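Everything on this sheet refers to the single structure shown next.
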Amino acid sequence: MDISEGKSDAREDEKMDELFNPQSSSVTFSRILYTPSTFARTSLLHLQEVGSLQAIHPHTSTRTNLTSFLCFVVLSGNGTLTYEGTTYELAAGDCVFIDCRKAYSHSTGYSTDGNDTSKNNINTPVCEKSTDTCEKDTATSQSTDSPTSLWSIQWCHFYAPSLPAIYEKYKERGGSPVFHPDDSAPFTTILTDLYSLASSSDYIRDMRINESLSALLTLLMEQSWHPESKTVSRKRLELVEIKNYLDEHYTERIVLDDLAERYYINKYYLTKIFKETYGSTINGYIIAKRITRAKQLLRFTDMTVDEIGNAVGMGDANYFSRTFRKVEGISPREYRKQW
């Protein structure tokens with residue numbers, strides 16, 4: 001197995017700035033285009049590009065059908081993101097996480113002196129027919145030199161075979177393309193670390209990049225959601241009590257109607273916010289608790305499989321075995337033999 005790291009050279013990248021960015025006069029930036037190893041490309045979260053920029057003139061980037069995911073943080077200034085038919089206003093501290101296989105564009109803000117009427121648009125499209133990827137960067141020069149709202153951002157493009165499914169889970173749990181964390185420093189720290197790794201000669205560089213990108217995804221999952229209202233926030237807090245009840249009574253017969261009545265909450269709403277909050281249906285959560293307990297009993301007791309099924313609330317032996325196999329991929333007896 002080849003785990004040698006990708007080929008990246010920051011100095012070479014700097015020499016190629018003019019080639020890769022025809023509108024380089026619109027921004028100043030530090031960018032590394034990264035080529036991961038074949039092993040990393042097929043098996044790991046891998047980096048494609050990482051960097052930071054400061055806009056000098058108003059500038060728009062438009063892309064579509066790019067096999068990549070983009071995360072960036074607005075360090076200062078403001079701008080906009082257009083994604084899936086919605087335009088988001090961005091300001092310092094905002095974070096973006098999007099699927100670049102879908103069309104998107106982002107633009108820095110204009111200067112704040114009100115002279116936006118004198119604009120000279122320069123359009124430079126770059127299209128790659130083999131991937132149906134089209135990029136057009138638009139730089140807008142102005143007759144003034146007061147770029148007080150022109151943003152600076154820090155970003156990375158990355159990918160993995162599993163990322164489309166991870167992004168669906170991100171959205172399912174309430175993740176938004178744009179959010180404003182209480183503290184953006186953990187994001188910028190990871191992006192800075194990724195830049196350092198990409199420019200290093202570490203012999204396990206791709207493994208370290210995978211680790212950093214995994215930490216980035218964890219942050220995205222943790223911090224993207226924010227309560228829409230005090231009512232929703234209160235209901236989500238009530239879920240803690242419901243979850244505690246499930247943790248204590250998962251071996252018993254639990255009916256959704258009874259649970260909703262017990263906590264005075266609509267069962268459909270309960271189902272929705274439980275899945276958004278914990279990433280699982282109520283039934284899926286109960287099954288996971290039962291299977292986890294069953295594995296403990298299979299490994300550390302001499303109880304029969306039938307006895308274990310009864311002990312975890314799955315009295316029908318066939319149902320217990322089918323469910324265990326569906327979750328673990330093997331039967332309870334095979335699991336016991338393995339351990």
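Naming works like this for the structure tokens: A, B, ... for the chains as they're shown, residue 1 at the start of each chain, ligands 1 onward in shown order.
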Would you mind listing, for every residue of region 53-124 of chain A within 12 Å of region 193-216 of chain A, the two atoms forming the shortest contact and the distance between them in Å to one decimal, using only C-alpha atoms, sorted by chain and ascending residue number, as a Markdown table?
| residue | atom | partner | partner_atom | distance |
| --- | --- | --- | --- | --- |
| A:Phe69 | CA | A:Leu213 | CA | 11.3 |
| A:Leu70 | CA | A:Leu216 | CA | 11.5 |
| A:Cys71 | CA | A:Leu216 | CA | 9.0 |
| A:Phe72 | CA | A:Leu216 | CA | 11.0 |
| A:Cys95 | CA | A:Leu216 | CA | 11.7 |
| A:Phe97 | CA | A:Leu216 | CA | 10.5 |
Exercise for the section: Excluding Ile98 (chain A) and any residue of its chain fewer than 4 positions from it, enumerate the residues within 9 Å of it, using only C-alpha atoms, and give them as a list in words. Expected result: Ser68, Phe69, Leu70, Cys71, Tyr83, Lys102, Tyr104, Tyr167, Ser176, Pro177 and Val178 of chain A
Practice task
Using only C-alpha atoms, pick whichever of A:Arg41, A:Arg63, A:Lys267, A:Arg31 has the shortest atom-to-atom distance to Ile153 (chain A).
Solution key: A:Arg31
Problem - Distance in Å - CA of Asp306 (chain A) versus CA of Asp257 (chain A) - result: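 Interatomic distance, CA of Asp306 (chain A) to CA of Asp257 (chain A): 28.7 Å.
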Practice task
List every residue of region 152-327 of chain A that DSSP, applied to the backbone of this structure, places in strand (DSSP E or B), and write the result as an MDAnalysis selection string.
Solution key: chainID A and resid 152:159 178:179
Exercise for the section: Calculate how many Å separate CA of Gly79 (chain A) from CA of Tyr110 (chain A), rounding to one decimal. Expected result: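 For CA of Gly79 (chain A) relative to CA of Tyr110 (chain A), the distance reads 8.1 Å.
If only C-alpha atoms are the atoms counted, then among A:Glu172, A:Glu49, A:Glu334, A:Asp258 the closest residue to Phe158 (chain A) is A:Glu49.
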Problem - 8 Å contact set for Thr28 (chain A), only C-alpha atoms, chain neighbours under 5 positions out, as a ChimeraX atom specification - result: /A:53-56
Fill in the blank from the handout: In Å and to one decimal, CA of Thr189 (chain A) is distant from CA of Gln223 (chain A) by 15.1 Å
Handout entry: Long-range neighbours of Glu307 (chain A) as a list in words, 12 Å cut-off, only C-alpha atoms, 3 positions minimum in chain
Key = Ala294, Leu297, Leu298, Thr301, Asp302, Met303, Thr304, Asn310, Ala311, Val312, Gly313, Met314, Gly315, Asp316, Ala317, Phe320 and Pro332 of chain A
Could you write out the selected residues, including all heavy atoms, as a JSON list (two decimals), in the first residue's frame?
[["chain", "number", "residue", "atom", "x", "y", "z"],
["A", 294, "ALA", "N", -26.37, -5.83, 24.08],
["A", 294, "ALA", "CA", -26.28, -7.23, 23.69],
["A", 294, "ALA", "C", -24.82, -7.64, 23.44],
["A", 294, "ALA", "O", -24.39, -8.73, 23.83],
["A", 294, "ALA", "CB", -27.12, -7.48, 22.45],
["A", 297, "LEU", "N", -23.12, -8.25, 26.72],
["A", 297, "LEU", "CA", -23.53, -9.52, 27.32],
["A", 297, "LEU", "C", -22.94, -10.71, 26.57],
["A", 297, "LEU", "O", -22.59, -11.73, 27.17],
["A", 297, "LEU", "CB", -25.05, -9.61, 27.37],
["A", 297, "LEU", "CG", -25.75, -8.56, 28.25],
["A", 297, "LEU", "CD1", -27.27, -8.68, 28.12],
["A", 297, "LEU", "CD2", -25.33, -8.70, 29.71],
["A", 298, "LEU", "N", -22.83, -10.60, 25.25],
["A", 298, "LEU", "CA", -22.25, -11.68, 24.46],
["A", 298, "LEU", "C", -20.77, -11.87, 24.80],
["A", 298, "LEU", "O", -20.27, -13.00, 24.85],
["A", 298, "LEU", "CB", -22.40, -11.38, 22.97],
["A", 298, "LEU", "CG", -23.80, -11.57, 22.37],
["A", 298, "LEU", "CD1", -23.89, -10.91, 21.00],
["A", 298, "LEU", "CD2", -24.15, -13.06, 22.27],
["A", 301, "THR", "N", -20.51, -12.39, 29.42],
["A", 301, "THR", "CA", -21.34, -13.29, 30.23],
["A", 301, "THR", "C", -21.47, -14.63, 29.51],
["A", 301, "THR", "O", -21.09, -14.75, 28.33],
["A", 301, "THR", "CB", -22.75, -12.72, 30.47],
["A", 301, "THR", "OG1", -23.54, -12.86, 29.27],
["A", 301, "THR", "CG2", -22.71, -11.26, 30.89],
["A", 302, "ASP", "N", -22.02, -15.60, 30.22],
["A", 302, "ASP", "CA", -22.29, -16.91, 29.62],
["A", 302, "ASP", "C", -23.76, -17.07, 29.26],
["A", 302, "ASP", "O", -24.23, -18.18, 29.01],
["A", 302, "ASP", "CB", -21.88, -18.02, 30.60],
["A", 302, "ASP", "CG", -20.37, -18.05, 30.83],
["A", 302, "ASP", "OD1", -19.63, -17.77, 29.87],
["A", 302, "ASP", "OD2", -19.95, -18.35, 31.97],
["A", 303, "MET", "N", -24.50, -15.99, 29.23],
["A", 303, "MET", "CA", -25.92, -16.04, 28.89],
["A", 303, "MET", "C", -26.10, -16.56, 27.46],
["A", 303, "MET", "O", -25.26, -16.31, 26.59],
["A", 303, "MET", "CB", -26.55, -14.64, 29.01],
["A", 303, "MET", "CG", -26.58, -14.08, 30.43],
["A", 303, "MET", "SD", -27.11, -12.34, 30.48],
["A", 303, "MET", "CE", -28.80, -12.47, 29.88],
["A", 304, "THR", "N", -27.19, -17.30, 27.25],
["A", 304, "THR", "CA", -27.47, -17.77, 25.90],
["A", 304, "THR", "C", -27.95, -16.60, 25.04],
["A", 304, "THR", "O", -28.33, -15.54, 25.55],
["A", 304, "THR", "CB", -28.55, -18.85, 25.91],
["A", 304, "THR", "OG1", -29.79, -18.26, 26.32],
["A", 304, "THR", "CG2", -28.17, -19.99, 26.86],
["A", 310, "ASN", "N", -33.87, -11.50, 25.33],
["A", 310, "ASN", "CA", -34.88, -11.11, 26.32],
["A", 310, "ASN", "C", -34.38, -9.98, 27.20],
["A", 310, "ASN", "O", -35.12, -9.05, 27.53],
["A", 310, "ASN", "CB", -35.27, -12.31, 27.19],
["A", 310, "ASN", "CG", -36.22, -13.26, 26.47],
["A", 310, "ASN", "OD1", -37.15, -12.82, 25.80],
["A", 310, "ASN", "ND2", -35.97, -14.56, 26.60],
["A", 311, "ALA", "N", -33.11, -10.04, 27.59],
["A", 311, "ALA", "CA", -32.54, -9.06, 28.52],
["A", 311, "ALA", "C", -32.48, -7.66, 27.93],
["A", 311, "ALA", "O", -32.57, -6.66, 28.66],
["A", 311, "ALA", "CB", -31.14, -9.49, 28.95],
["A", 312, "VAL", "N", -32.35, -7.56, 26.61],
["A", 312, "VAL", "CA", -32.25, -6.24, 25.99],
["A", 312, "VAL", "C", -33.58, -5.77, 25.39],
["A", 312, "VAL", "O", -33.63, -4.76, 24.69],
["A", 312, "VAL", "CB", -31.15, -6.20, 24.90],
["A", 312, "VAL", "CG1", -29.80, -6.54, 25.49],
["A", 312, "VAL", "CG2", -31.48, -7.12, 23.72],
["A", 313, "GLY", "N", -34.66, -6.51, 25.68],
["A", 313, "GLY", "CA", -35.96, -6.07, 25.22],
["A", 313, "GLY", "C", -36.36, -6.55, 23.85],
["A", 313, "GLY", "O", -37.29, -6.01, 23.24],
["A", 314, "MET", "N", -35.65, -7.55, 23.33],
["A", 314, "MET", "CA", -35.98, -8.11, 22.01],
["A", 314, "MET", "C", -36.25, -9.60, 22.20],
["A", 314, "MET", "O", -35.43, -10.45, 21.86],
["A", 314, "MET", "CB", -34.82, -7.85, 21.03],
["A", 314, "MET", "CG", -34.45, -6.37, 20.93],
["A", 314, "MET", "SD", -32.95, -6.03, 20.00],
["A", 314, "MET", "CE", -33.54, -6.26, 18.33],
["A", 315, "GLY", "N", -37.41, -9.89, 22.78],
["A", 315, "GLY", "CA", -37.72, -11.23, 23.25],
["A", 315, "GLY", "C", -37.77, -12.29, 22.17],
["A", 315, "GLY", "O", -37.41, -13.44, 22.40],
["A", 316, "ASP", "N", -38.24, -11.94, 20.98],
["A", 316, "ASP", "CA", -38.31, -12.91, 19.88],
["A", 316, "ASP", "C", -36.89, -13.20, 19.39],
["A", 316, "ASP", "O", -36.19, -12.31, 18.89],
["A", 316, "ASP", "CB", -39.17, -12.34, 18.75],
["A", 316, "ASP", "CG", -39.35, -13.34, 17.61],
["A", 316, "ASP", "OD1", -38.38, -13.57, 16.87],
["A", 316, "ASP", "OD2", -40.46, -13.89, 17.49],
["A", 317, "ALA", "N", -36.46, -14.45, 19.51],
["A", 317, "ALA", "CA", -35.08, -14.81, 19.17],
["A", 317, "ALA", "C", -34.75, -14.52, 17.71],
["A", 317, "ALA", "O", -33.65, -14.05, 17.39],
["A", 317, "ALA", "CB", -34.83, -16.29, 19.48],
["A", 320, "PHE", "N", -34.40, -10.77, 17.23],
["A", 320, "PHE", "CA", -33.13, -10.33, 17.81],
["A", 320, "PHE", "C", -31.97, -10.65, 16.87],
["A", 320, "PHE", "O", -31.12, -9.80, 16.58],
["A", 320, "PHE", "CB", -32.92, -10.97, 19.17],
["A", 320, "PHE", "CG", -31.53, -10.75, 19.73],
["A", 320, "PHE", "CD1", -31.02, -9.47, 19.88],
["A", 320, "PHE", "CD2", -30.74, -11.82, 20.10],
["A", 320, "PHE", "CE1", -29.74, -9.26, 20.40],
["A", 320, "PHE", "CE2", -29.46, -11.63, 20.61],
["A", 320, "PHE", "CZ", -28.96, -10.34, 20.76],
["A", 332, "PRO", "N", -25.41, -12.95, 16.26],
["A", 332, "PRO", "CA", -24.92, -12.86, 17.65],
["A", 332, "PRO", "C", -23.89, -13.95, 17.97],
["A", 332, "PRO", "O", -22.89, -13.69, 18.65],
["A", 332, "PRO", "CB", -26.18, -13.00, 18.49],
["A", 332, "PRO", "CG", -27.28, -12.53, 17.59],
["A", 332, "PRO", "CD", -26.89, -12.96, 16.23]]
